[in-house]
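So this one's data.pdb, PDB, C-alpha atoms, pLDDT in the B column:
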ATOM      1  CA  PHE A   1      20.310   3.724  -5.973  1.00 72.00           C
ATOM      2  CA  SER A   2      22.508   1.731  -3.677  1.00 83.00           C
ATOM      3  CA  GLU A   3      20.887  -1.117  -1.766  1.00 90.00           C
ATOM      4  CA  PRO A   4      19.268  -1.323   0.638  1.00 94.00           C
ATOM      5  CA  ARG A   5      17.469   1.826  -0.391  1.00 95.00           C
ATOM      6  CA  PRO A   6      16.240   4.249   2.286  1.00 96.00           C
ATOM      7  CA  LEU A   7      12.514   4.875   2.511  1.00 97.00           C
ATOM      8  CA  TYR A   8      11.098   8.159   1.252  1.00 97.00           C
ATOM      9  CA  GLY A   9       9.666  10.266   4.074  1.00 97.00           C
ATOM     10  CA  LEU A  10      12.065   9.187   6.815  1.00 95.00           C
ATOM     11  CA  ASP A  11      12.592  12.842   7.703  1.00 95.00           C
ATOM     12  CA  ARG A  12       8.975  13.014   8.896  1.00 92.00           C
ATOM     13  CA  LEU A  13       8.872   9.611  10.588  1.00 94.00           C
ATOM     14  CA  GLY A  14       8.107  10.021  14.283  1.00 92.00           C
ATOM     15  CA  ASP A  15       7.796   7.468  17.055  1.00 89.00           C
ATOM     16  CA  THR A  16       4.141   7.392  18.040  1.00 91.00           C
ATOM     17  CA  LYS A  17       1.783   7.583  15.060  1.00 96.00           C
ATOM     18  CA  PRO A  18       0.855   4.632  12.888  1.00 96.00           C
ATOM     19  CA  VAL A  19       2.781   4.472   9.617  1.00 97.00           C
ATOM     20  CA  LEU A  20       0.915   4.635   6.313  1.00 98.00           C
ATOM     21  CA  ILE A  21       2.865   3.078   3.448  1.00 98.00           C
ATOM     22  CA  VAL A  22       1.751   4.186  -0.005  1.00 98.00           C
ATOM     23  CA  GLU A  23       3.222   3.633  -3.469  1.00 97.00           C
ATOM     24  CA  GLY A  24       5.162   6.592  -4.817  1.00 96.00           C
ATOM     25  CA  GLU A  25       6.412   9.964  -3.684  1.00 97.00           C
ATOM     26  CA  LYS A  26       3.374  11.751  -5.138  1.00 97.00           C
ATOM     27  CA  CYS A  27       1.102   9.690  -2.907  1.00 97.00           C
ATOM     28  CA  ALA A  28       3.339  10.052   0.138  1.00 98.00           C
ATOM     29  CA  ASP A  29       3.490  13.834  -0.205  1.00 98.00           C
ATOM     30  CA  ALA A  30      -0.248  14.257  -0.884  1.00 98.00           C
ATOM     31  CA  ALA A  31      -1.235  11.958   1.985  1.00 98.00           C
ATOM     32  CA  TYR A  32       1.230  13.528   4.402  1.00 98.00           C
ATOM     33  CA  ALA A  33      -0.058  17.019   3.571  1.00 97.00           C
ATOM     34  CA  LEU A  34      -3.629  15.949   4.325  1.00 97.00           C
ATOM     35  CA  ILE A  35      -3.403  13.321   7.088  1.00 97.00           C
ATOM     36  CA  GLY A  36       0.121  13.784   8.439  1.00 97.00           C
ATOM     37  CA  ALA A  37      -1.295  14.744  11.828  1.00 96.00           C
ATOM     38  CA  THR A  38      -2.709  11.202  12.131  1.00 96.00           C
ATOM     39  CA  PHE A  39      -0.196   9.079  10.177  1.00 97.00           C
ATOM     40  CA  ASP A  40       3.490   9.116   9.398  1.00 97.00           C
ATOM     41  CA  VAL A  41       3.417   8.610   5.613  1.00 98.00           C
ATOM     42  CA  ILE A  42       6.242   6.936   3.737  1.00 98.00           C
ATOM     43  CA  THR A  43       6.987   5.070   0.540  1.00 98.00           C
ATOM     44  CA  TRP A  44       9.879   3.149  -0.982  1.00 97.00           C
ATOM     45  CA  PRO A  45      11.913   4.159  -4.029  1.00 94.00           C
ATOM     46  CA  GLY A  46      11.563   2.391  -7.356  1.00 91.00           C
ATOM     47  CA  GLY A  47       7.911   1.363  -7.484  1.00 89.00           C
ATOM     48  CA  SER A  48       6.234  -2.006  -7.185  1.00 90.00           C
ATOM     49  CA  GLN A  49       9.160  -3.957  -8.656  1.00 90.00           C
ATOM     50  CA  ALA A  50      11.659  -2.569  -6.121  1.00 94.00           C
ATOM     51  CA  VAL A  51      10.066  -3.549  -2.803  1.00 96.00           C
ATOM     52  CA  SER A  52      12.822  -6.042  -1.999  1.00 95.00           C
ATOM     53  CA  LYS A  53      15.475  -3.372  -2.515  1.00 96.00           C
ATOM     54  CA  ALA A  54      14.148  -1.038   0.218  1.00 97.00           C
ATOM     55  CA  ASP A  55      15.202  -0.946   3.855  1.00 97.00           C
ATOM     56  CA  PHE A  56      12.047  -1.382   5.928  1.00 97.00           C
ATOM     57  CA  SER A  57      14.001  -2.249   9.108  1.00 97.00           C
ATOM     58  CA  VAL A  58      13.467   1.275  10.490  1.00 96.00           C
ATOM     59  CA  LEU A  59       9.795   0.352  10.957  1.00 97.00           C
ATOM     60  CA  LYS A  60      10.543  -2.465  13.414  1.00 96.00           C
ATOM     61  CA  GLY A  61       7.658  -2.969  15.840  1.00 95.00           C
ATOM     62  CA  ARG A  62       5.477  -0.210  14.395  1.00 96.00           C
ATOM     63  CA  LYS A  63       1.781  -0.243  13.565  1.00 96.00           C
ATOM     64  CA  ILE A  64       1.614  -0.232   9.758  1.00 97.00           C
ATOM     65  CA  VAL A  65      -1.216   0.450   7.315  1.00 97.00           C
ATOM     66  CA  ILE A  66      -0.488  -0.245   3.640  1.00 97.00           C
ATOM     67  CA  TRP A  67      -2.560   1.456   0.924  1.00 97.00           C
ATOM     68  CA  PRO A  68      -1.913  -0.371  -2.396  1.00 96.00           C
ATOM     69  CA  ASP A  69      -2.394   1.276  -5.750  1.00 96.00           C
ATOM     70  CA  CYS A  70      -5.624   0.090  -7.355  1.00 96.00           C
ATOM     71  CA  ASP A  71      -4.346  -1.409 -10.584  1.00 96.00           C
ATOM     72  CA  SER A  72      -6.503  -2.804 -13.390  1.00 95.00           C
ATOM     73  CA  GLN A  73      -4.180  -4.789 -15.590  1.00 95.00           C
ATOM     74  CA  ARG A  74      -5.683  -7.379 -17.899  1.00 96.00           C
ATOM     75  CA  VAL A  75      -4.571 -10.963 -18.443  1.00 96.00           C
ATOM     76  CA  ASP A  76      -3.951 -10.204 -22.118  1.00 97.00           C
ATOM     77  CA  LYS A  77      -2.477  -6.714 -22.334  1.00 93.00           C
ATOM     78  CA  THR A  78      -3.268  -6.567 -26.053  1.00 95.00           C
ATOM     79  CA  ASP A  79      -6.976  -7.358 -25.620  1.00 96.00           C
ATOM     80  CA  PRO A  80      -8.990  -4.610 -23.880  1.00 93.00           C
ATOM     81  CA  ASN A  81     -11.825  -7.106 -23.350  1.00 94.00           C
ATOM     82  CA  SER A  82      -9.777  -9.811 -21.637  1.00 96.00           C
ATOM     83  CA  ALA A  83     -10.344 -10.531 -17.964  1.00 96.00           C
ATOM     84  CA  TYR A  84      -8.568  -8.537 -15.294  1.00 96.00           C
ATOM     85  CA  LYS A  85      -5.699 -10.232 -13.540  1.00 96.00           C
ATOM     86  CA  PRO A  86      -6.635 -11.415 -10.027  1.00 94.00           C
ATOM     87  CA  ILE A  87      -6.152  -8.670  -7.448  1.00 93.00           C
ATOM     88  CA  ASP A  88      -3.129 -10.363  -5.868  1.00 92.00           C
ATOM     89  CA  LYS A  89      -1.462 -10.385  -9.310  1.00 94.00           C
ATOM     90  CA  GLN A  90      -2.011  -6.662  -9.800  1.00 96.00           C
ATOM     91  CA  PRO A  91       1.278  -4.762  -9.217  1.00 96.00           C
ATOM     92  CA  GLY A  92       0.014  -2.571  -6.373  1.00 95.00           C
ATOM     93  CA  MET A  93      -1.482  -5.404  -4.335  1.00 95.00           C
ATOM     94  CA  SER A  94       1.442  -7.706  -5.079  1.00 95.00           C
ATOM     95  CA  ALA A  95       3.808  -5.022  -3.747  1.00 96.00           C
ATOM     96  CA  ALA A  96       1.592  -4.442  -0.690  1.00 96.00           C
ATOM     97  CA  LEU A  97       1.555  -8.147   0.146  1.00 95.00           C
ATOM     98  CA  ALA A  98       5.349  -8.314  -0.186  1.00 96.00           C
ATOM     99  CA  ILE A  99       5.715  -5.300   2.110  1.00 97.00           C
ATOM    100  CA  ALA A 100       3.282  -6.841   4.614  1.00 96.00           C
ATOM    101  CA  LYS A 101       5.499  -9.925   4.784  1.00 95.00           C
ATOM    102  CA  ILE A 102       8.701  -7.897   5.148  1.00 96.00           C
ATOM    103  CA  VAL A 103       7.447  -5.572   7.889  1.00 97.00           C
ATOM    104  CA  GLY A 104       5.631  -8.448   9.586  1.00 94.00           C
ATOM    105  CA  ASP A 105       8.978 -10.164   9.914  1.00 95.00           C
ATOM    106  CA  TYR A 106      10.151  -7.009  11.732  1.00 96.00           C
ATOM    107  CA  GLY A 107       7.422  -7.488  14.324  1.00 95.00           C
ATOM    108  CA  CYS A 108       5.073  -4.870  12.916  1.00 95.00           C
ATOM    109  CA  GLN A 109       1.312  -4.964  13.352  1.00 94.00           C
ATOM    110  CA  VAL A 110       0.244  -4.823   9.694  1.00 96.00           C
ATOM    111  CA  HIS A 111      -3.055  -3.855   8.067  1.00 95.00           C
ATOM    112  CA  LEU A 112      -4.014  -3.429   4.409  1.00 95.00           C
ATOM    113  CA  VAL A 113      -6.499  -0.963   2.976  1.00 95.00           C
ATOM    114  CA  SER A 114      -8.964  -2.995   0.934  1.00 93.00           C
ATOM    115  CA  ILE A 115      -8.971  -1.254  -2.424  1.00 93.00           C
ATOM    116  CA  PRO A 116     -11.662  -1.429  -5.123  1.00 94.00           C
ATOM    117  CA  ALA A 117     -11.556  -4.442  -7.424  1.00 94.00           C
ATOM    118  CA  PRO A 118      -9.676  -4.163 -10.717  1.00 95.00           C
ATOM    119  CA  GLY A 119     -11.767  -2.167 -13.185  1.00 95.00           C
ATOM    120  CA  GLU A 120     -13.818  -0.310 -10.562  1.00 95.00           C
ATOM    121  CA  LYS A 121     -11.439   2.657 -10.650  1.00 95.00           C
ATOM    122  CA  PRO A 122      -9.053   3.874 -13.359  1.00 95.00           C
ATOM    123  CA  ASP A 123      -5.844   1.833 -13.576  1.00 95.00           C
ATOM    124  CA  GLY A 124      -3.382   3.038 -10.954  1.00 95.00           C
ATOM    125  CA  TRP A 125      -5.951   4.820  -8.775  1.00 97.00           C
ATOM    126  CA  ASP A 126      -4.354   5.682  -5.446  1.00 97.00           C
ATOM    127  CA  ILE A 127      -4.642   7.892  -2.378  1.00 97.00           C
ATOM    128  CA  ALA A 128      -3.370  10.919  -4.348  1.00 98.00           C
ATOM    129  CA  ASP A 129      -6.197  10.425  -6.849  1.00 97.00           C
ATOM    130  CA  PHE A 130      -8.699  10.143  -3.995  1.00 97.00           C
ATOM    131  CA  ILE A 131      -7.371  13.429  -2.591  1.00 97.00           C
ATOM    132  CA  ALA A 132      -7.513  15.054  -6.058  1.00 97.00           C
ATOM    133  CA  GLU A 133     -11.175  13.982  -6.251  1.00 97.00           C
ATOM    134  CA  GLY A 134     -11.775  16.256  -3.269  1.00 97.00           C
ATOM    135  CA  ALA A 135     -11.583  13.837  -0.351  1.00 97.00           C
ATOM    136  CA  SER A 136     -11.073  15.511   3.020  1.00 97.00           C
ATOM    137  CA  ALA A 137      -8.779  14.247   5.744  1.00 97.00           C
ATOM    138  CA  GLU A 138     -11.805  13.013   7.672  1.00 96.00           C
ATOM    139  CA  SER A 139     -13.272  11.170   4.682  1.00 96.00           C
ATOM    140  CA  ILE A 140      -9.950   9.495   3.887  1.00 96.00           C
ATOM    141  CA  ILE A 141      -9.476   8.334   7.464  1.00 95.00           C
ATOM    142  CA  GLU A 142     -13.068   7.080   7.603  1.00 95.00           C
ATOM    143  CA  TRP A 143     -12.684   5.323   4.223  1.00 93.00           C
ATOM    144  CA  MET A 144      -9.515   3.647   5.499  1.00 93.00           C
ATOM    145  CA  ARG A 145     -11.135   2.679   8.804  1.00 93.00           C
ATOM    146  CA  ASP A 146     -14.049   1.052   6.972  1.00 94.00           C
ATOM    147  CA  ARG A 147     -11.775  -0.837   4.565  1.00 93.00           C
ATOM    148  CA  THR A 148      -8.722  -1.831   6.566  1.00 91.00           C
ATOM    149  CA  VAL A 149      -8.107  -5.516   7.204  1.00 90.00           C
ATOM    150  CA  LYS A 150      -5.437  -7.224   9.261  1.00 87.00           C
ATOM    151  CA  ALA A 151      -2.716  -8.439   6.942  1.00 78.00           C
ATOM    152  CA  PHE A 152      -1.727 -11.485   8.977  1.00 59.00           C
ATOM    153  CA  ALA A 153      -1.499 -13.016  12.392  1.00 42.00           C
ATOM    154  CA  VAL A 154       1.814 -14.718  11.626  1.00 37.00           C
ATOM    155  CA  PRO A 155       3.781 -14.291   8.384  1.00 36.00           C
ATOM    156  CA  GLU A 156       2.597 -17.591   6.908  1.00 37.00           C
ATOM    157  CA  THR A 157      -1.110 -16.699   7.095  1.00 34.00           C
ATOM    158  CA  ILE A 158      -1.515 -13.613   4.945  1.00 36.00           C
ATOM    159  CA  SER A 159      -5.130 -12.682   4.347  1.00 39.00           C
ATOM    160  CA  THR A 160      -6.113 -10.236   1.666  1.00 43.00           C
ATOM    161  CA  PRO A 161      -8.999  -7.873   1.062  1.00 44.00           C
ATOM    162  CA  THR A 162     -12.323  -9.226  -0.101  1.00 45.00           C
ATOM    163  CA  GLY A 163     -12.100 -10.852  -3.514  1.00 45.00           C
ATOM    164  CA  ALA A 164      -8.340 -11.257  -3.372  1.00 46.00           C
ATOM    165  CA  VAL A 165      -6.411 -14.470  -3.198  1.00 44.00           C
ATOM    166  CA  ALA A 166      -3.062 -14.790  -1.436  1.00 45.00           C
ATOM    167  CA  THR A 167      -0.545 -17.058  -3.117  1.00 43.00           C
ATOM    168  CA  GLU A 168       3.117 -17.722  -2.611  1.00 46.00           C
ATOM    169  CA  ASP A 169       5.249 -17.326  -5.729  1.00 43.00           C
TER
END
Show me the file's structure as structure tokens.
Amino acid sequence: FSEPRPLYGLDRLGDTKPVLIVEGEKCADAAYALIGATFDVITWPGGSQAVSKADFSVLKGRKIVIWPDCDSQRVDKTDPNSAYKPIDKQPGMSAALAIAKIVGDYGCQVHLVSIPAPGEKPDGWDIADFIAEGASAESIIEWMRDRTVKAFAVPETISTPTGAVATED
């Protein structure tokens, strides 16, 4: 891909609905099919390591909700009994926090969906998995409403979901 990379789902990005940012095309397509009447759903190409390569400028001034993947990586990848990495060090949340900073700098009103703690769901659990479990549009929207937190008031004061710790690396 050339840089900056265009967002996936731009063809369905309108002007009035809040924007839901999810990780991966599978999630974007599944979420759009189910809750596209309520949210414009997009993602960025390349996964959690490619956030900085995407062009989020098209979202300037929009209301944004970010749904991170619920990752469960361990401190010692070779030891299945080692502790889980802190939530802000999990790839999905780390990517979500980076996106929150980027779109916040574009004047967006940014919220994060507070995901389950590492280990509470299978590694990589996401909105597509929730939909595959049989969640309806109404239950997804209600789940998001109950678990959405403001990402920051100004870019320097990122707050994270319960149990998470924001750090600057």
Run the PyMOL selection byres ((chain A and resi 51) around 12) on the file and write out the hits as a VMD selection string. chain A and resid 3 to 7 21 to 24 43 to 50 52 to 56 91 to 103
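Between Ala132 (chain A) and the candidates A:Cys108, A:Pro118, A:Lys77, A:Ala31, the tightest atom-to-atom separation, counting all atoms listed in the file, involves A:Ala31.
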Contacts of Leu112 (chain A) at 6 Å (only C-alpha atoms; same-chain gap of 6+ positions) as a short mmCIF file (atom, residue, chain, number, x, y, z; two decimals) with C-alpha atoms, in the frame of the given file:
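Saved the output as part_2.cif:
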data_model
loop_
_atom_site.label_atom_id
_atom_site.label_comp_id
_atom_site.auth_asym_id
_atom_site.auth_seq_id
_atom_site.Cartn_x
_atom_site.Cartn_y
_atom_site.Cartn_z
CA VAL A 65 -1.22 0.45 7.32
CA ILE A 66 -0.49 -0.24 3.64
CA THR A 148 -8.72 -1.83 6.57
CA VAL A 149 -8.11 -5.52 7.20
CA ALA A 151 -2.72 -8.44 6.94
#
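Going from CA of Arg74 (chain A) to CA of Lys121 (chain A) covers 13.7 Å.
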Calculated over all atoms listed in the file, which of the candidates A:Phe1, A:Tyr8, A:Phe39, A:Trp67 has the smallest distance to Val113 (chain A)? A:Trp67
How would you write, as a PyMOL selection string, the residues chosen by the PyMOL selection byres ((chain A and resi 75) around 12) on this structure? chain A and resi 72-74+76-87+89-90+118
Can you write just those residues out, C-alpha atoms, as an mmCIF file, in the coordinates of the input?
data_model
loop_
_atom_site.group_PDB
_atom_site.id
_atom_site.type_symbol
_atom_site.label_atom_id
_atom_site.label_comp_id
_atom_site.auth_asym_id
_atom_site.auth_seq_id
_atom_site.Cartn_x
_atom_site.Cartn_y
_atom_site.Cartn_z
ATOM 1 C CA SER A 72 -6.503 -2.804 -13.390
ATOM 2 C CA GLN A 73 -4.180 -4.789 -15.590
ATOM 3 C CA ARG A 74 -5.683 -7.379 -17.899
ATOM 4 C CA ASP A 76 -3.951 -10.204 -22.118
ATOM 5 C CA LYS A 77 -2.477 -6.714 -22.334
ATOM 6 C CA THR A 78 -3.268 -6.567 -26.053
ATOM 7 C CA ASP A 79 -6.976 -7.358 -25.620
ATOM 8 C CA PRO A 80 -8.990 -4.610 -23.880
ATOM 9 C CA ASN A 81 -11.825 -7.106 -23.350
ATOM 10 C CA SER A 82 -9.777 -9.811 -21.637
ATOM 11 C CA ALA A 83 -10.344 -10.531 -17.964
ATOM 12 C CA TYR A 84 -8.568 -8.537 -15.294
ATOM 13 C CA LYS A 85 -5.699 -10.232 -13.540
ATOM 14 C CA PRO A 86 -6.635 -11.415 -10.027
ATOM 15 C CA ILE A 87 -6.152 -8.670 -7.448
ATOM 16 C CA LYS A 89 -1.462 -10.385 -9.310
ATOM 17 C CA GLN A 90 -2.011 -6.662 -9.800
ATOM 18 C CA PRO A 118 -9.676 -4.163 -10.717
#
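With CA of Asp105 (chain A) on one side and CA of Ala33 (chain A) on the other, the separation reads 29.3 Å.
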Put a box with edges along x, y and z around all the listed atoms of region 26-41 of chain A, pad it by 3 Å on each side, then give me its centre and sizes in Å, one decimal, as lines of an AutoDock Vina configuration file.
center_x = -0.1
center_y = 12.8
center_z = 3.5
size_x = 13.1
size_y = 14.4
size_z = 23.3
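For the atom pair formed by CA of Gly9 (chain A) and CA of Asp123 (chain A), the distance is 25.0 Å, given to one decimal.
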Identify, on the basis of all atoms listed in the file, every residue whose closest approach to Ala28 (chain A) does not exceed 6 Å; exclude the query and any residue fewer than 3 positions from it along the same chain; express the result as a list in words. Glu25, Ala31, Tyr32, Val41 and Ile42 of chain A
Resulting file, chosen residues, C-alpha atoms, as a CSV table (one decimal), in the coordinates of the input:
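Result saved to selection29.csv:
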chain,number,residue,atom,x,y,z
A,25,GLU,CA,6.4,10.0,-3.7
A,31,ALA,CA,-1.2,12.0,2.0
A,32,TYR,CA,1.2,13.5,4.4
A,41,VAL,CA,3.4,8.6,5.6
A,42,ILE,CA,6.2,6.9,3.7
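If you measure from each of A:Lys150, A:Arg12, A:Val58, A:Gly119 to Gly36 (chain A) using all atoms listed in the file, the closest one turns out to be A:Arg12.
Considering the residues A:Gly61, A:Pro68, A:Pro116, A:Gly107 and counting all atoms listed in the file, Leu20 (chain A) has its shortest atom-to-atom contact with A:Pro68.
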Could you tell me which of A:Ala117, A:Val19, A:Leu13, A:Ala30 comes closest to Ile131 (chain A) if we count all atoms listed in the file? A:Ala30
